[in-house]
Amino acid sequence: MMVHGEAWTIKELFTYPNEYIYWSIQIVMYPFMTGLVAGAFVLSSLYHVFGIKQLKDIARFSLVFSFALLPCAPLPLLLHLQQPLRNMHVMMTPHFTSAIAAFGIVFVTYGAIVAAELWFLYRKHFVETALALKNKADKSAYETVMYHVNNLLTLGAHDISELALHRDERAIKIMAGIGIPVACFLHGYAGFIFGSVKANALWMTPLMPVIFIMSAVVSGIALCMITYIVTMEGRKFLAKRKAAACPGESCAEIESVEVNVIRMTAKYLLGFLVAAISLELLDLIFRGYTAVKSWDMLRRVIYGKDFYNIFVFQYGLGNLVPFILLLIPGLTIRRAVVGTLLVLLGVFMMRWNVVIGGQAFSLTFAGFMHYHLPIIPHDMETFREGLFGALFIIGSPYVLFFILNKIMPVFGMKESH
Amino acid sequence: MITRRKLIANTLKGMAALSLPAAAFEILTPDRLNAIIYNDPAKVRYVFLVDTNKCVGCGLCVKACKNENEIPYDANVTRTWVERYIITRDERHEVLEKVFADSPKGARDGFITGQIDLGHGNIYMPKKEDIDKAFFVPKLCNQCDNPACVQVCPVGATYQADDGVVLIDRKWCIGCGYCVMGCPYGVRFFHPVHRVADKCNFCYHRIKKGMKTACVDACPFGARLIGNYKDPDDAVTRIINTKRVGVLKEEFGTRPQVFYLGLSMEVR
């Protein structure tokens with residue numbers, strides 16, 4: 001009879017009989033996705049709160065994208081649970097000494113803030129769309145649905161006078177301001193979930209939440225950049241194909257906007273990347289220098305078993321190479337694409353090396369466990385906690401973004417402020 | 001628009017809310033509730049004593065436990081297990097010693113050969129003359145006084161009874177695995193049938209009736225004993241209080257309540 005975890009764990013030397021890699025790919029996906037949510041939000045707040053004008057174009061985009069990513073952050077947890085139907089127990093009987101217990105509360109709070117900010121941002125659009133569709137004589141089925149959706153989303157507030165819109169702007173600023181600490185908390189909290197496991201020698205460090213926040217912002221900015229580039233390229237392609245159908249926008253215009261935004265965003269990406277790497281290296285150096293009991297084992301994992309994952313994929317390809325690529329002046333779109341993709345790889349590998357790496361050694365400090373990601377699923381478990389489960393998680397925000405973009409169009413909007 | 005009626009109603013509601021004492025929001029643990037209701041803190045604290053000097057690694061305790069607690073016999077998880085430690089001289093006969101340890105299938109079938117299981121299908125056969133010392137260490141849940149698993153359970157499905165035993169509510173566990181990761185002793189696992197966290201509970205259904213645990217009854221050598229630490233005349237309590245006993249991994253601050261006689265520094 002197969003035990004949970006046995007399908008993807010190979011044990012070596014002395015491990016306890018019950019030890020397996022219980023937290024697998026979905027627990028890698030969880031901080032990765034949460035990080036993207038938080039990072040995308042922080043990027044949009046740079047404009048809304050701190051008024052960094054150059055980020056205006058990507059701010060609206062990243063806010064909607066953050067909202068699309070939001071429902072996908074707890075999805076990996078759901079797929080990971082042995083009893084997924086009981087997930088609501090966390091909300092019904094939260095046991096607050098546990099770091100996971102407040103997840104629902106933090107998550108819902110954050111979701112409410114993003115939703116409120118989006119509502120203020122798009123209120124004018126909802127009202128205008130609803131009014132325009134209301135007066136239209138022969139509505140198609142799609143238009144009827146859109147009319148009702150927009151009408152509902154106005155929540156009865158149809159006032160779009162100058163004064164009301166001005167108030168909206170202030171509300172957006174306040175929401176974005178509150179949102180930054182909450183977003184950081186949402187993700188720092190994910191770091192705390194790991195950092196507070198005292199049984200795990202690799203995870204237990206107070207730096208964990210801070211490292212998680214920094215790398216979260218890095219990954220969120222990187223994902224927004226790459227998605228932004230892809231959508232802009234798509235628009236450029238369309239504009240080229242039917243030059244007349246895109247009023248007020250020409251290819252050159254789109255391109256200049258795109259390059260400017262990407263160059264500006266890349267600077268912030270680099271700043272956060274430096275912070276993230278510094279903290280990670282500090283952690284590593286500190287462990288090596290203090291060399292407590294567990295270091296003997298950690299050293300064998302970090303410099304031996306996981307050497308390629310940590311130093312080649314995470315620090316090398318995922319941090320150093322994109323750092324150089326983005327730092328060289330005169331950043332082009334092509335270089336930015338390569339750079340941001342590598343940054344995403346680096347952050348993903350960091351999550352992997354924390355979650356899987358933290359279980360690569362036994363609690364006995366005398367044995368190892370090797371993780372083999374299930375690729376071809378042969379039952380529900382190997383699907384949920386396998387490659388396809390992870391791909392399902394990665395793909396889902398784009399589907400949501402596509403739908404959200406229909407209701408809250410990201411591009412071609414005149415900024416109200 | 002505020003009418004007089006509304007104002008009065010809201011004032012009453014507000015007063016009712018204000019009069020709620022902060023204590024109404026306090027979460028009581030079962031043992032605190034018990035102490036309040038019965039004014040009687042528990043008279044029992046179950047503790048366990050393992051005399052490693054007596055253990056021969058026959059694995060009868062593991063077998064008995066699996067059958068008693070319905071842990072599928074061939075599943076590679078177990079509530080209790082026995083570890084074998086073999087300390088050999090280095091191949092080059094240097095001063096440095098080499099520690100080998102294993103527990104194949106939790107020692108369910110006993111240690112019947114001198115081959116050491118290195119995992120991943122590899123075995124090692126140390127030469128007899130190279131062996132300096134060898135011994136067995138039975139393991140089970142430590143029913144810690146400060147259990148990490150109880151602390152981290154997000155839904156309160158695992159909890160500590162007033163007699164010290166940490167229990168799991170199979171109907172409430174969501175299977176997140178946080179307790180499994182939180183336990184420094186590796187006693188927790190997912191039950192392959194019920195698909196929830198599982199671990200040794202000192203055979204709670206037996207000890208509550210005054211019986212011994214299945215493993216204690218199964219051990220032919222008396223290497224395992226269960227007792228009540230609140231009873232000063234209890235045989236186990238007397239040994240713990242008067243002999244040199246050790247516990248496992250005390251550095252985690254869990255205050256384990258399984259005590260060991262003859263613990264060696266090689267034990268993990």
# chains A, B, ... in the order shown; residues from 1 in each chain; ligands from 1
>>> interface_residues(of="chain A", to="chain B", cutoff="6 Å", atoms="only C-alpha atoms", output="list in words")
Met1, Val3, Lys11, Glu12, Leu13, Phe14, Pro17, Asn18, Leu81, Gln82, Gln83, Arg86, Val90, Thr93, Pro94, His95, Thr97, Ser98, Ile100, Ala101, Val197, Ala199 and Thr364 of chain A
>>> write_last_selection(atoms="N, CA and C atoms", output="short mmCIF file (atom, residue, chain, number, x, y, z; two decimals), in the first residue's frame")
data_model
loop_
_atom_site.label_atom_id
_atom_site.label_comp_id
_atom_site.auth_asym_id
_atom_site.auth_seq_id
_atom_site.Cartn_x
_atom_site.Cartn_y
_atom_site.Cartn_z
N MET A 1 0.85 -1.20 0.00
CA MET A 1 0.00 0.00 0.00
C MET A 1 0.88 1.25 0.00
N VAL A 3 2.03 4.94 0.64
CA VAL A 3 1.81 5.96 1.65
C VAL A 3 1.97 7.32 0.98
N LYS A 11 14.74 7.46 -0.33
CA LYS A 11 15.48 7.68 0.90
C LYS A 11 16.88 7.10 0.79
N GLU A 12 17.79 7.77 1.46
CA GLU A 12 19.18 7.32 1.41
C GLU A 12 19.76 7.38 2.82
N LEU A 13 20.50 6.36 3.19
CA LEU A 13 21.10 6.24 4.53
C LEU A 13 20.01 6.26 5.62
N PHE A 14 20.34 6.79 6.79
CA PHE A 14 19.41 6.62 7.92
C PHE A 14 18.38 7.74 7.99
N PRO A 17 11.44 6.07 9.81
CA PRO A 17 10.54 5.31 8.91
C PRO A 17 9.39 6.16 8.35
N ASN A 18 8.92 7.14 9.10
CA ASN A 18 7.75 7.90 8.64
C ASN A 18 8.13 9.11 7.81
N LEU A 81 -3.84 19.73 0.11
CA LEU A 81 -4.51 19.16 1.29
C LEU A 81 -4.91 17.70 1.04
N GLN A 82 -4.76 16.90 2.08
CA GLN A 82 -5.22 15.52 1.98
C GLN A 82 -6.74 15.47 2.04
N GLN A 83 -7.33 16.45 2.70
CA GLN A 83 -8.78 16.52 2.81
C GLN A 83 -9.23 17.89 2.29
N ARG A 86 -12.33 19.82 3.38
CA ARG A 86 -12.42 20.37 4.73
C ARG A 86 -11.70 21.72 4.84
N VAL A 90 -10.42 25.82 8.40
CA VAL A 90 -9.44 26.82 8.81
C VAL A 90 -10.15 28.13 9.18
N THR A 93 -12.83 26.98 12.57
CA THR A 93 -12.20 26.82 13.89
C THR A 93 -10.73 27.17 13.79
N PRO A 94 -10.43 28.44 13.55
CA PRO A 94 -9.00 28.78 13.45
C PRO A 94 -8.29 28.59 14.79
N HIS A 95 -7.15 27.95 14.72
CA HIS A 95 -6.38 27.68 15.93
C HIS A 95 -5.19 28.62 15.86
N THR A 97 -2.64 29.64 17.39
CA THR A 97 -1.22 29.44 17.67
C THR A 97 -0.51 28.95 16.40
N SER A 98 -1.29 28.52 15.42
CA SER A 98 -0.69 28.03 14.18
C SER A 98 -0.51 29.17 13.20
N ILE A 100 -0.61 28.97 10.08
CA ILE A 100 -1.50 28.87 8.92
C ILE A 100 -2.90 29.39 9.23
N ALA A 101 -3.27 29.39 10.52
CA ALA A 101 -4.67 29.62 10.89
C ALA A 101 -5.20 30.95 10.38
N VAL A 197 9.05 26.82 11.60
CA VAL A 197 9.09 25.38 11.84
C VAL A 197 10.42 25.04 12.51
N ALA A 199 11.47 22.40 13.80
CA ALA A 199 12.04 21.08 13.54
C ALA A 199 12.92 21.08 12.29
N THR A 364 17.13 13.00 11.20
CA THR A 364 18.21 12.32 11.92
C THR A 364 19.55 13.01 11.70
#
>>> residues_around(residues="range 86-89 of chain B", least_positions_apart="3", cutoff="12 Å", atoms="only C-alpha atoms", output="ChimeraX atom specification")
/A:14 /B:83,92-103,114-117,124-137,264-267
>>> select_by_dssp(residues="range 242-337 of chain A", states="alpha helix (DSSP H)", output="ChimeraX atom specification")
/A:251-290,295-300,307,321-327,333-337
>>> residues_around(residues="Gly386 in chain A", least_positions_apart="4", cutoff="8 Å", atoms="only C-alpha atoms", output="JSON, numbers by chain")
{"A": [25, 373, 374, 375, 376, 377, 381, 382, 390]}
>>> write_last_selection(atoms="N, CA, C and O atoms", output="compact mmCIF listing (two decimals), in the first residue's frame")
# COMPACT_ATOMS: atom_id res chain seq x y z
N ILE A 25 5.59 19.77 -4.67
CA ILE A 25 5.57 20.84 -5.68
C ILE A 25 4.51 21.91 -5.40
O ILE A 25 4.75 23.10 -5.61
N LEU A 373 9.86 14.68 -9.04
CA LEU A 373 8.59 15.28 -9.42
C LEU A 373 7.81 14.31 -10.32
O LEU A 373 8.32 13.90 -11.36
N PRO A 374 6.59 13.94 -9.90
CA PRO A 374 5.79 13.06 -10.78
C PRO A 374 5.41 13.81 -12.05
O PRO A 374 4.86 14.91 -11.99
N ILE A 375 5.74 13.24 -13.19
CA ILE A 375 5.45 13.92 -14.45
C ILE A 375 4.20 13.35 -15.10
O ILE A 375 3.22 14.04 -15.28
N ILE A 376 4.23 12.06 -15.42
CA ILE A 376 3.03 11.44 -15.98
C ILE A 376 2.15 11.01 -14.82
O ILE A 376 2.54 10.13 -14.05
N PRO A 377 0.97 11.61 -14.68
CA PRO A 377 0.14 11.23 -13.53
C PRO A 377 -0.50 9.86 -13.75
O PRO A 377 -0.97 9.57 -14.85
N GLU A 381 -3.45 11.65 -7.02
CA GLU A 381 -2.41 12.24 -6.18
C GLU A 381 -1.22 12.71 -7.01
O GLU A 381 -0.70 13.80 -6.80
N THR A 382 -0.80 11.89 -7.96
CA THR A 382 0.36 12.27 -8.77
C THR A 382 -0.02 13.35 -9.79
O THR A 382 0.85 14.00 -10.34
N ALA A 390 1.01 21.58 -11.19
CA ALA A 390 1.74 22.85 -11.11
C ALA A 390 1.45 23.71 -12.35
O ALA A 390 1.24 24.92 -12.24
>>> residues_around(residues="Asp51 in chain B", least_positions_apart="2", cutoff="8 Å", atoms="only C-alpha atoms", output="list in words")
Leu49, Asn53, Lys54, Cys55, Gly222, Ala223, Arg224, Tyr260, Leu261 and Gly262 of chain B
>>> residues_around(residues="range 187-195 of chain A", least_positions_apart="3", cutoff="8 Å", atoms="only C-alpha atoms", output="number ranges by chain")
A: 31, 34-35, 38, 99-100, 183-184, 198, 203-213, 216
>>> select_by_dssp(residues="range 5-41 of chain A", states="strand (DSSP E or B)", output="mmCIF file with N, CA and C atoms, in the first residue's frame")
data_model
loop_
_atom_site.group_PDB
_atom_site.id
_atom_site.type_symbol
_atom_site.label_atom_id
_atom_site.label_comp_id
_atom_site.auth_asym_id
_atom_site.auth_seq_id
_atom_site.Cartn_x
_atom_site.Cartn_y
_atom_site.Cartn_z
ATOM 1 N N THR A 9 9.441 10.090 -3.191
ATOM 2 C CA THR A 9 10.583 10.198 -2.286
ATOM 3 C C THR A 9 11.494 8.985 -2.416
ATOM 4 N N ILE A 10 12.776 9.248 -2.512
ATOM 5 C CA ILE A 10 13.763 8.170 -2.428
ATOM 6 C C ILE A 10 14.638 8.460 -1.226
ATOM 7 N N LYS A 11 14.737 7.462 -0.334
ATOM 8 C CA LYS A 11 15.482 7.679 0.901
ATOM 9 C C LYS A 11 16.875 7.101 0.790
ATOM 10 N N GLU A 12 17.793 7.770 1.463
ATOM 11 C CA GLU A 12 19.176 7.318 1.412
ATOM 12 C C GLU A 12 19.765 7.378 2.815
ATOM 13 N N LEU A 13 20.496 6.364 3.193
ATOM 14 C CA LEU A 13 21.097 6.245 4.528
ATOM 15 C C LEU A 13 20.012 6.261 5.619
#
